[in-house]
$ cat run-v9.cif   # mmCIF, C-alpha atoms; chains and numbers go by the auth columns
data_input
loop_
_atom_site.group_PDB
_atom_site.id
_atom_site.type_symbol
_atom_site.label_atom_id
_atom_site.label_comp_id
_atom_site.label_asym_id
_atom_site.label_seq_id
_atom_site.Cartn_x
_atom_site.Cartn_y
_atom_site.Cartn_z
_atom_site.B_iso_or_equiv
_atom_site.auth_seq_id
_atom_site.auth_asym_id
ATOM 1 C CA MET A 1 4.203 8.481 -13.915 0.00 11 U
ATOM 2 C CA PRO A 2 1.482 7.223 -11.545 0.00 12 U
ATOM 3 C CA SER A 3 -1.612 9.283 -10.876 0.00 13 U
ATOM 4 C CA TYR A 4 -1.232 9.920 -7.165 0.00 14 U
ATOM 5 C CA GLY A 5 -4.656 11.538 -6.976 0.00 15 U
ATOM 6 C CA ALA A 6 -6.334 8.404 -8.338 0.00 16 U
ATOM 7 C CA GLU A 7 -4.312 6.183 -5.999 0.00 17 U
ATOM 8 C CA CYS A 8 -5.231 8.363 -3.011 0.00 18 U
ATOM 9 C CA PHE A 9 -8.896 7.903 -3.937 0.00 19 U
ATOM 10 C CA ASP A 10 -8.505 4.146 -4.437 0.00 20 U
ATOM 11 C CA SER A 11 -6.585 3.684 -1.184 0.00 21 U
ATOM 12 C CA GLY A 12 -9.423 5.316 0.750 0.00 22 U
ATOM 13 C CA LEU A 13 -12.126 3.364 -1.048 0.00 23 U
ATOM 14 C CA PHE A 14 -10.642 -0.115 -1.177 0.00 24 U
ATOM 15 C CA THR A 15 -8.899 -0.069 2.208 0.00 25 U
ATOM 16 C CA MET A 16 -12.196 0.763 3.875 0.00 26 U
ATOM 17 C CA LEU A 17 -13.818 -2.195 2.122 0.00 27 U
ATOM 18 C CA ALA A 18 -10.891 -4.553 2.793 0.00 28 U
ATOM 19 C CA VAL A 19 -10.653 -3.912 6.521 0.00 29 U
ATOM 20 C CA VAL A 20 -14.387 -4.016 7.272 0.00 30 U
ATOM 21 C CA LEU A 21 -15.621 -6.893 5.101 0.00 31 U
ATOM 22 C CA ASN A 22 -15.051 -10.504 6.094 0.00 32 U
ATOM 23 C CA ASN A 23 -12.423 -12.387 4.116 0.00 33 U
ATOM 24 C CA ASN A 24 -15.091 -14.575 2.503 0.00 34 U
ATOM 25 C CA ALA A 25 -17.349 -11.669 1.478 0.00 35 U
ATOM 26 C CA PRO A 26 -18.077 -11.253 -2.241 0.00 36 U
ATOM 27 C CA GLY A 27 -15.418 -9.106 -3.868 0.00 37 U
ATOM 28 C CA TYR A 28 -13.114 -9.141 -0.840 0.00 38 U
ATOM 29 C CA SER A 29 -10.017 -10.411 -2.648 0.00 39 U
ATOM 30 C CA GLN A 30 -10.420 -7.776 -5.372 0.00 40 U
ATOM 31 C CA PHE A 31 -10.853 -4.999 -2.808 0.00 41 U
ATOM 32 C CA PHE A 32 -7.836 -6.228 -0.860 0.00 42 U
ATOM 33 C CA ASN A 33 -5.621 -6.399 -3.938 0.00 43 U
ATOM 34 C CA ARG A 34 -6.685 -2.960 -5.175 0.00 44 U
ATOM 35 C CA SER A 35 -6.002 -1.492 -1.747 0.00 45 U
ATOM 36 C CA ALA A 36 -2.567 -3.109 -1.498 0.00 46 U
ATOM 37 C CA GLU A 37 -1.610 -1.958 -4.994 0.00 47 U
ATOM 38 C CA SER A 38 -2.633 1.638 -4.317 0.00 48 U
ATOM 39 C CA TRP A 39 -0.642 1.756 -1.083 0.00 49 U
ATOM 40 C CA ARG A 40 2.371 0.253 -2.851 0.00 50 U
ATOM 41 C CA ILE A 41 2.244 2.989 -5.493 0.00 51 U
ATOM 42 C CA LEU A 42 1.852 5.632 -2.787 0.00 52 U
ATOM 43 C CA GLY A 43 5.002 4.356 -1.113 0.00 53 U
ATOM 44 C CA LEU A 44 4.174 1.973 1.724 0.00 54 U
ATOM 45 C CA GLU A 45 6.359 -1.116 2.054 0.00 55 U
ATOM 46 C CA GLU A 46 4.741 -4.554 2.055 0.00 56 U
ATOM 47 C CA GLU A 47 4.975 -4.991 5.834 0.00 57 U
ATOM 48 C CA ALA A 48 3.308 -1.638 6.411 0.00 58 U
ATOM 49 C CA ILE A 49 0.555 -2.466 3.923 0.00 59 U
ATOM 50 C CA GLU A 50 -0.136 -5.692 5.783 0.00 60 U
ATOM 51 C CA ALA A 51 -0.172 -3.846 9.097 0.00 61 U
ATOM 52 C CA ILE A 52 -2.992 -1.665 7.804 0.00 62 U
ATOM 53 C CA ILE A 53 -5.153 -4.091 5.824 0.00 63 U
ATOM 54 C CA LEU A 54 -4.333 -7.620 7.002 0.00 64 U
ATOM 55 C CA ARG A 55 -4.125 -7.881 10.781 0.00 65 U
ATOM 56 C CA LYS A 56 -7.701 -6.834 11.447 0.00 66 U
ATOM 57 C CA ALA A 57 -8.419 -9.959 13.542 0.00 67 U
ATOM 58 C CA ASN A 58 -6.374 -8.369 16.343 0.00 68 U
ATOM 59 C CA ARG A 59 -8.183 -5.039 16.249 0.00 69 U
ATOM 60 C CA LYS A 60 -11.591 -3.585 16.974 0.00 70 U
ATOM 61 C CA ALA A 61 -13.634 -2.436 13.995 0.00 71 U
ATOM 62 C CA GLU A 62 -14.148 0.965 15.618 0.00 72 U
ATOM 63 C CA GLU A 63 -10.395 1.480 15.947 0.00 73 U
ATOM 64 C CA ILE A 64 -9.829 0.545 12.313 0.00 74 U
ATOM 65 C CA ARG A 65 -12.449 3.000 11.092 0.00 75 U
ATOM 66 C CA ASP A 66 -11.117 5.738 13.365 0.00 76 U
ATOM 67 C CA ALA A 67 -7.590 5.214 12.031 0.00 77 U
ATOM 68 C CA LEU A 68 -8.741 5.297 8.410 0.00 78 U
ATOM 69 C CA ARG A 69 -10.878 8.372 9.049 0.00 79 U
ATOM 70 C CA SER A 70 -8.461 10.471 11.122 0.00 80 U
ATOM 71 C CA GLU A 71 -4.893 9.134 11.121 0.00 81 U
ATOM 72 C CA ILE A 72 -4.353 8.039 7.519 0.00 82 U
ATOM 73 C CA PRO A 73 -5.556 11.394 6.092 0.00 83 U
ATOM 74 C CA CYS A 74 -2.860 13.046 8.228 0.00 84 U
ATOM 75 C CA LEU A 75 -0.188 10.913 6.546 0.00 85 U
ATOM 76 C CA ILE A 76 -1.614 11.412 3.062 0.00 86 U
ATOM 77 C CA GLY A 77 -1.850 15.175 3.561 0.00 87 U
ATOM 78 C CA LYS A 78 1.763 15.509 4.682 0.00 88 U
ATOM 79 C CA SER A 79 3.033 13.468 1.730 0.00 89 U
ATOM 80 C CA TYR A 80 0.590 14.405 -1.040 0.00 90 U
ATOM 81 C CA GLY A 81 -0.817 17.740 0.076 0.00 91 U
ATOM 82 C CA GLU A 82 -4.356 18.850 0.821 0.00 92 U
ATOM 83 C CA MET A 83 -5.606 17.731 -2.587 0.00 93 U
ATOM 84 C CA GLY A 84 -4.250 14.210 -2.085 0.00 94 U
ATOM 85 C CA LYS A 85 -5.843 14.141 1.370 0.00 95 U
ATOM 86 C CA SER A 86 -9.183 15.309 -0.061 0.00 96 U
ATOM 87 C CA TYR A 87 -9.223 12.580 -2.695 0.00 97 U
ATOM 88 C CA TYR A 88 -8.319 9.948 -0.106 0.00 98 U
ATOM 89 C CA GLU A 89 -11.266 11.126 1.986 0.00 99 U
ATOM 90 C CA LEU A 90 -13.597 11.053 -1.018 0.00 100 U
ATOM 91 C CA GLY A 91 -12.557 7.434 -1.457 0.00 101 U
ATOM 92 C CA PHE A 92 -13.065 6.710 2.233 0.00 102 U
ATOM 93 C CA TRP A 93 -16.619 8.040 2.194 0.00 103 U
ATOM 94 C CA CYS A 94 -17.409 6.219 -1.050 0.00 104 U
ATOM 95 C CA GLY A 95 -16.272 3.044 0.697 0.00 105 U
ATOM 96 C CA THR A 96 -18.406 3.859 3.725 0.00 106 U
ATOM 97 C CA LEU A 97 -21.390 4.490 1.457 0.00 107 U
ATOM 98 C CA PHE A 98 -20.786 1.172 -0.323 0.00 108 U
ATOM 99 C CA LEU A 99 -20.795 -0.683 3.013 0.00 109 U
ATOM 100 C CA ALA A 100 -23.916 1.157 4.182 0.00 110 U
ATOM 101 C CA LEU A 101 -25.771 0.210 1.001 0.00 111 U
ATOM 102 C CA MET A 102 -24.674 -3.414 1.347 0.00 112 U
ATOM 103 C CA SER A 103 -26.151 -3.546 4.868 0.00 113 U
ATOM 104 C CA ASP A 104 -29.143 -1.264 4.139 0.00 114 U
ATOM 105 C CA LEU A 105 -28.124 1.223 6.844 0.00 115 U
ATOM 106 C CA THR A 106 -30.175 4.333 6.078 0.00 116 U
ATOM 107 C CA ASP A 107 -28.594 6.713 8.591 0.00 117 U
ATOM 108 C CA ILE A 108 -25.027 5.846 7.555 0.00 118 U
ATOM 109 C CA THR A 109 -26.024 6.140 3.898 0.00 119 U
ATOM 110 C CA LYS A 110 -27.296 9.685 4.467 0.00 120 U
ATOM 111 C CA ASP A 111 -24.255 10.571 6.566 0.00 121 U
ATOM 112 C CA SER A 112 -21.894 9.260 3.873 0.00 122 U
ATOM 113 C CA VAL A 113 -23.580 11.309 1.134 0.00 123 U
ATOM 114 C CA ARG A 114 -23.473 14.396 3.366 0.00 124 U
ATOM 115 C CA ASN A 115 -19.749 13.905 4.023 0.00 125 U
ATOM 116 C CA LEU A 116 -19.069 13.364 0.321 0.00 126 U
ATOM 117 C CA LYS A 117 -20.726 16.726 -0.313 0.00 127 U
ATOM 118 C CA TYR A 118 -18.421 18.473 2.152 0.00 128 U
ATOM 119 C CA LYS A 119 -15.330 16.681 0.865 0.00 129 U
ATOM 120 C CA CYS A 120 -16.233 17.727 -2.674 0.00 130 U
ATOM 121 C CA ALA A 121 -15.841 21.341 -1.616 0.00 131 U
ATOM 122 C CA GLU A 122 -12.404 20.597 -0.141 0.00 132 U
ATOM 123 C CA ALA A 123 -11.410 18.863 -3.388 0.00 133 U
ATOM 124 C CA LYS A 124 -12.436 21.942 -5.437 0.00 134 U
ATOM 125 C CA ASN A 125 -15.751 20.381 -6.512 0.00 135 U
ATOM 126 C CA PRO A 126 -14.774 17.678 -9.022 0.00 136 U
ATOM 127 C CA LEU A 127 -17.733 17.704 -11.412 0.00 137 U
ATOM 128 C CA PRO A 128 -18.426 13.930 -11.626 0.00 138 U
ATOM 129 C CA MET A 129 -18.513 13.602 -7.831 0.00 139 U
ATOM 130 C CA VAL A 130 -20.661 16.713 -7.471 0.00 140 U
ATOM 131 C CA GLU A 131 -23.184 15.242 -9.922 0.00 141 U
ATOM 132 C CA PHE A 132 -23.117 11.862 -8.168 0.00 142 U
ATOM 133 C CA VAL A 133 -23.808 13.513 -4.807 0.00 143 U
ATOM 134 C CA LYS A 134 -26.675 15.579 -6.258 0.00 144 U
ATOM 135 C CA ASN A 135 -28.242 12.489 -7.836 0.00 145 U
ATOM 136 C CA SER A 136 -27.834 10.565 -4.579 0.00 146 U
ATOM 137 C CA GLU A 137 -29.484 13.365 -2.599 0.00 147 U
ATOM 138 C CA ARG A 138 -32.424 13.372 -5.025 0.00 148 U
ATOM 139 C CA GLU A 139 -32.870 9.623 -4.663 0.00 149 U
ATOM 140 C CA LEU A 140 -32.795 9.816 -0.876 0.00 150 U
ATOM 141 C CA ALA A 141 -35.196 12.765 -0.836 0.00 151 U
ATOM 142 C CA LYS A 142 -37.682 10.636 -2.804 0.00 152 U
ATOM 143 C CA GLY A 143 -37.296 7.759 -0.347 0.00 153 U
ATOM 144 C CA ARG A 144 -35.408 5.628 -2.853 0.00 154 U
ATOM 145 C CA LYS A 145 -32.257 3.596 -2.359 0.00 155 U
ATOM 146 C CA ILE A 146 -29.015 4.456 -4.102 0.00 156 U
ATOM 147 C CA ASP A 147 -28.110 1.746 -6.621 0.00 157 U
ATOM 148 C CA ILE A 148 -24.969 0.036 -5.319 0.00 158 U
ATOM 149 C CA ALA A 149 -24.085 -1.164 -8.823 0.00 159 U
ATOM 150 C CA LYS A 150 -24.138 2.437 -10.057 0.00 160 U
ATOM 151 C CA LEU A 151 -21.866 3.433 -7.182 0.00 161 U
ATOM 152 C CA ALA A 152 -19.369 0.726 -8.130 0.00 162 U
ATOM 153 C CA SER A 153 -19.461 1.790 -11.782 0.00 163 U
ATOM 154 C CA PHE A 154 -19.114 5.440 -10.821 0.00 164 U
ATOM 155 C CA ALA A 155 -16.066 4.731 -8.643 0.00 165 U
ATOM 156 C CA GLU A 156 -14.256 3.156 -11.590 0.00 166 U
ATOM 157 C CA GLU A 157 -15.182 6.035 -13.885 0.00 167 U
ATOM 158 C CA PHE A 158 -14.140 8.586 -11.270 0.00 168 U
ATOM 159 C CA HIS A 159 -10.735 6.899 -10.947 0.00 169 U
ATOM 160 C CA LEU A 160 -10.196 7.472 -14.672 0.00 170 U
ATOM 161 C CA TRP A 161 -11.469 11.050 -14.433 0.00 171 U
ATOM 162 C CA ILE A 162 -8.967 11.813 -11.676 0.00 172 U
ATOM 163 C CA MET A 163 -6.161 10.367 -13.793 0.00 173 U
ATOM 164 C CA ALA A 164 -7.055 12.714 -16.650 0.00 174 U
ATOM 165 C CA ASN A 165 -7.878 15.858 -14.681 0.00 175 U
ATOM 166 C CA VAL A 166 -6.170 15.996 -11.279 0.00 176 U
ATOM 167 C CA ALA A 167 -2.480 16.658 -10.657 0.00 177 U
ATOM 168 C CA VAL A 168 -1.300 15.581 -7.215 0.00 178 U
ATOM 169 C CA GLY A 169 2.409 15.673 -6.496 0.00 179 U
ATOM 170 C CA CYS A 170 4.435 13.793 -3.895 0.00 180 U
ATOM 171 C CA ARG A 171 5.883 16.300 -1.425 0.00 181 U
ATOM 172 C CA LYS A 172 7.853 13.725 0.534 0.00 182 U
ATOM 173 C CA SER A 173 7.810 9.959 0.838 0.00 183 U
ATOM 174 C CA LEU A 174 5.344 8.247 3.139 0.00 184 U
ATOM 175 C CA LYS A 175 8.318 6.627 4.851 0.00 185 U
ATOM 176 C CA GLU A 176 9.745 10.055 5.736 0.00 186 U
ATOM 177 C CA THR A 177 6.317 11.271 6.801 0.00 187 U
ATOM 178 C CA ILE A 178 5.724 8.282 9.073 0.00 188 U
ATOM 179 C CA VAL A 179 9.105 8.549 10.765 0.00 189 U
ATOM 180 C CA SER A 180 8.782 12.306 11.344 0.00 190 U
ATOM 181 C CA THR A 181 5.151 12.297 12.554 0.00 191 U
ATOM 182 C CA SER A 182 4.547 12.173 16.310 0.00 192 U
ATOM 183 C CA LEU A 183 2.723 9.303 17.941 0.00 193 U
ATOM 184 C CA GLU A 184 0.245 11.840 19.317 0.00 194 U
ATOM 185 C CA GLU A 185 -0.900 12.465 15.756 0.00 195 U
ATOM 186 C CA LEU A 186 -1.064 8.735 14.992 0.00 196 U
ATOM 187 C CA PRO A 187 -2.164 7.111 18.257 0.00 197 U
ATOM 188 C CA TYR A 188 -3.453 3.962 16.602 0.00 198 U
ATOM 189 C CA VAL A 189 -1.340 3.124 13.535 0.00 199 U
ATOM 190 C CA GLY A 190 1.680 5.215 14.505 0.00 200 U
ATOM 191 C CA LYS A 191 3.389 2.684 16.749 0.00 201 U
ATOM 192 C CA VAL A 192 3.359 -0.179 14.302 0.00 202 U
ATOM 193 C CA LEU A 193 4.258 1.937 11.269 0.00 203 U
ATOM 194 C CA LYS A 194 7.117 3.673 13.054 0.00 204 U
ATOM 195 C CA GLY A 195 8.351 0.327 14.333 0.00 205 U
ATOM 196 C CA ILE A 196 8.453 -1.075 10.818 0.00 206 U
ATOM 197 C CA TYR A 197 10.298 1.849 9.312 0.00 207 U
ATOM 198 C CA GLU A 198 12.670 2.548 12.186 0.00 208 U
ATOM 199 C CA HIS A 199 13.241 -1.129 13.075 0.00 209 U
ATOM 200 C CA ALA A 200 12.882 0.005 16.655 0.00 210 U
ATOM 201 C CA HIS A 201 11.293 -3.154 18.043 0.00 211 U
ATOM 202 C CA SER A 202 13.162 -4.909 20.801 0.00 212 U
ATOM 203 C CA GLU A 203 15.268 -8.071 20.590 0.00 213 U
ATOM 204 C CA ASP A 204 15.040 -10.997 22.952 0.00 214 U
ATOM 205 C CA ALA A 205 17.979 -12.416 24.922 0.00 215 U
ATOM 206 C CA SER A 206 19.251 -14.311 21.895 0.00 216 U
ATOM 207 C CA GLY A 207 19.243 -11.199 19.760 0.00 217 U
ATOM 208 C CA THR A 208 16.219 -12.322 17.744 0.00 218 U
ATOM 209 C CA ARG A 209 13.848 -9.556 16.761 0.00 219 U
ATOM 210 C CA LYS A 210 10.127 -9.886 17.310 0.00 220 U
ATOM 211 C CA PRO A 211 8.059 -10.338 14.150 0.00 221 U
ATOM 212 C CA TRP A 212 6.894 -6.935 12.872 0.00 222 U
ATOM 213 C CA TRP A 213 3.258 -7.893 13.379 0.00 223 U
ATOM 214 C CA LYS A 214 3.765 -8.303 17.146 0.00 224 U
ATOM 215 C CA LEU A 215 4.714 -4.670 17.558 0.00 225 U
ATOM 216 C CA TRP A 216 1.304 -3.664 18.871 0.00 226 U
#

$ encode --input "run-v9.cif" --output "structure tokens"
Amino acid sequence: MPSYGAECFDSGLFTMLAVVLNNNAPGYSQFFNRSAESWRILGLEEEAIEAIILRKANRKAEEIRDALRSEIPCLIGKSYGEMGKSYYELGFWCGTLFLALMSDLTDITKDSVRNLKYKCAEAKNPLPMVEFVKNSERELAKGRKIDIAKLASFAEEFHLWIMANVAVGCRKSLKETIVSTSLEELPYVGKVLKGIYEHAHSEDASGTRKPWWKLW
């Protein structure tokens, strides 16, 4: 049986990296593949996965980040409960921290660590993440940079820790969640995801359906 908690964490982490980094950035293909695999295990079909992590050329970076920060947690929470949502968000903020360290963005680094601290509380304070946050706060307080290699190593170790220690169950499929969730709750990704799952996109005069990726 898959560890849904670990996949929620990985989907947040690797999707954030895959949608923000350029396709030729170091590690991009690995991040993309890990993201796609996590979403597949969580229940998104291939077309929906591509709608989230592939078509970024047609979208603004701010909209992508907003969707990953606010809309995707809504879907995860309805399908995998508050604990699944919390672990997705821990992954999201780890991904944000990774990007901030890559670009040496001090304010975003501090903000990411602060948000990880709050999300730890929502996730019932998983000990490895609590210790990582404390160590990161100490480094920042001393004016030092957080080691990006240590973050990458920690993320892999934390994935294994979640597998061994966190039980997250699937309440209902992501497909069911997407179809039953209002567009008001998913203003950015809702239209395309609903279109994929409901096959509600229009046909032209010849009866040919538009490609799924032209839905938005």

$ closest_atom_pairs --input "run-v9.cif" --of "region 55-114 of chain U" --to "region 183-191 of chain U" --cutoff "10 Å" --atoms "all atoms listed in the file" --output "tab-separated table"
residue	atom	partner	partner_atom	distance
U:Glu55	CA	U:Lys185	CA	8.5
U:Ala58	CA	U:Lys185	CA	9.8
U:Cys84	CA	U:Thr191	CA	9.1
U:Leu85	CA	U:Thr187	CA	6.5
U:Ile86	CA	U:Leu184	CA	7.6
U:Gly87	CA	U:Thr187	CA	9.6
U:Lys88	CA	U:Thr187	CA	6.6
U:Ser89	CA	U:Leu184	CA	5.9
U:Tyr90	CA	U:Ser183	CA	8.7

$ closest_residue --input "run-v9.cif" --among "U:Asn33, U:Asn43, U:Ser48, U:Thr116" --to "Arg154 (chain U)" --atoms "all atoms listed in the file"
U:Thr116

$ resolve_selection --input "run-v9.cif" --expression "the PyMOL selection byres ((chain U and resi 42) around 8)" --output "list of chain:residue names"
U:Phe24, U:Thr25, U:Leu27, U:Ala28, U:Tyr38, U:Ser39, U:Gln40, U:Phe41, U:Asn43, U:Arg44, U:Ser45, U:Ala46, U:Ile63

$ write_last_selection --input "run-v9.cif" --atoms "C-alpha atoms" --output "PDB file, in the coordinates of the input"
ATOM      1  CA  PHE U  24     -10.642  -0.115  -1.177  1.00  0.00           C
ATOM      2  CA  THR U  25      -8.899  -0.069   2.208  1.00  0.00           C
ATOM      3  CA  LEU U  27     -13.818  -2.195   2.122  1.00  0.00           C
ATOM      4  CA  ALA U  28     -10.891  -4.553   2.793  1.00  0.00           C
ATOM      5  CA  TYR U  38     -13.114  -9.141  -0.840  1.00  0.00           C
ATOM      6  CA  SER U  39     -10.017 -10.411  -2.648  1.00  0.00           C
ATOM      7  CA  GLN U  40     -10.420  -7.776  -5.372  1.00  0.00           C
ATOM      8  CA  PHE U  41     -10.853  -4.999  -2.808  1.00  0.00           C
ATOM      9  CA  ASN U  43      -5.621  -6.399  -3.938  1.00  0.00           C
ATOM     10  CA  ARG U  44      -6.685  -2.960  -5.175  1.00  0.00           C
ATOM     11  CA  SER U  45      -6.002  -1.492  -1.747  1.00  0.00           C
ATOM     12  CA  ALA U  46      -2.567  -3.109  -1.498  1.00  0.00           C
ATOM     13  CA  ILE U  63      -5.153  -4.091   5.824  1.00  0.00           C
TER      14      ILE U  63
END

$ resolve_selection --input "run-v9.cif" --expression "the PyMOL selection byres ((chain U and resi 144-149) around 12)" --output "MDAnalysis selection string"
chainID U and resid 104 107 111 119:127 130 135 137:143 150:158 160:161 164

$ axis_aligned_box --input "run-v9.cif" --around "region 179-185 of chain U" --padding-each-side "4 Å" --output "lines of an AutoDock Vina configuration file"
center_x = 5.4
center_y = 11.5
center_z = -0.8
size_x = 13.9
size_y = 17.7
size_z = 19.3

$ atom_distance --input "run-v9.cif" --atom1 "CA of Leu23 (chain U)" --atom2 "CA of Phe102 (chain U)"
4.8 Å

$ residues_around --input "run-v9.cif" --residues "Val178 (chain U)" --least-positions-apart "5" --cutoff "8 Å" --atoms "all atoms listed in the file" --output "PyMOL selection string"
chain U and resi 13-15+90-91+93-94

$ atom_distance --input "run-v9.cif" --atom1 "CA of Ala16 (chain U)" --atom2 "CA of Ala165 (chain U)"
10.4 Å

$ residues_around --input "run-v9.cif" --residues "Ser96 (chain U)" --least-positions-apart "4" --cutoff "7 Å" --atoms "all atoms listed in the file" --output "VMD selection string"
chain U and resid 92 100 129 132 to 133

$ atom_distance --input "run-v9.cif" --atom1 "CA of Glu81 (chain U)" --atom2 "CA of Ala162 (chain U)"
25.5 Å

$ closest_residue --input "run-v9.cif" --among "U:Glu194, U:Glu60, U:Leu52, U:Ala35" --to "Gly179 (chain U)" --atoms "only C-alpha atoms"
U:Leu52

$ closest_residue --input "run-v9.cif" --among "U:Ala110, U:Leu115, U:Cys180, U:Ala174" --to "Cys18 (chain U)" --atoms "only C-alpha atoms"
U:Cys180

$ closest_atom_pairs --input "run-v9.cif" --of "region 91-124 of chain U" --to "region 73-80 of chain U" --cutoff "12 Å" --atoms "all atoms listed in the file" --output "CSV"
residue,atom,partner,partner_atom,distance
U:Lys95,CA,U:Ser80,CA,10.7
U:Ser96,CA,U:Arg79,CA,11.6
U:Tyr98,CA,U:Arg79,CA,9.6
U:Glu99,CA,U:Arg79,CA,7.6
U:Leu100,CA,U:Arg79,CA,10.8
U:Gly101,CA,U:Arg79,CA,10.7
U:Phe102,CA,U:Arg79,CA,7.3
U:Trp103,CA,U:Arg79,CA,8.9
U:Gly105,CA,U:Leu78,CA,11.0
U:Thr106,CA,U:Arg75,CA,9.5
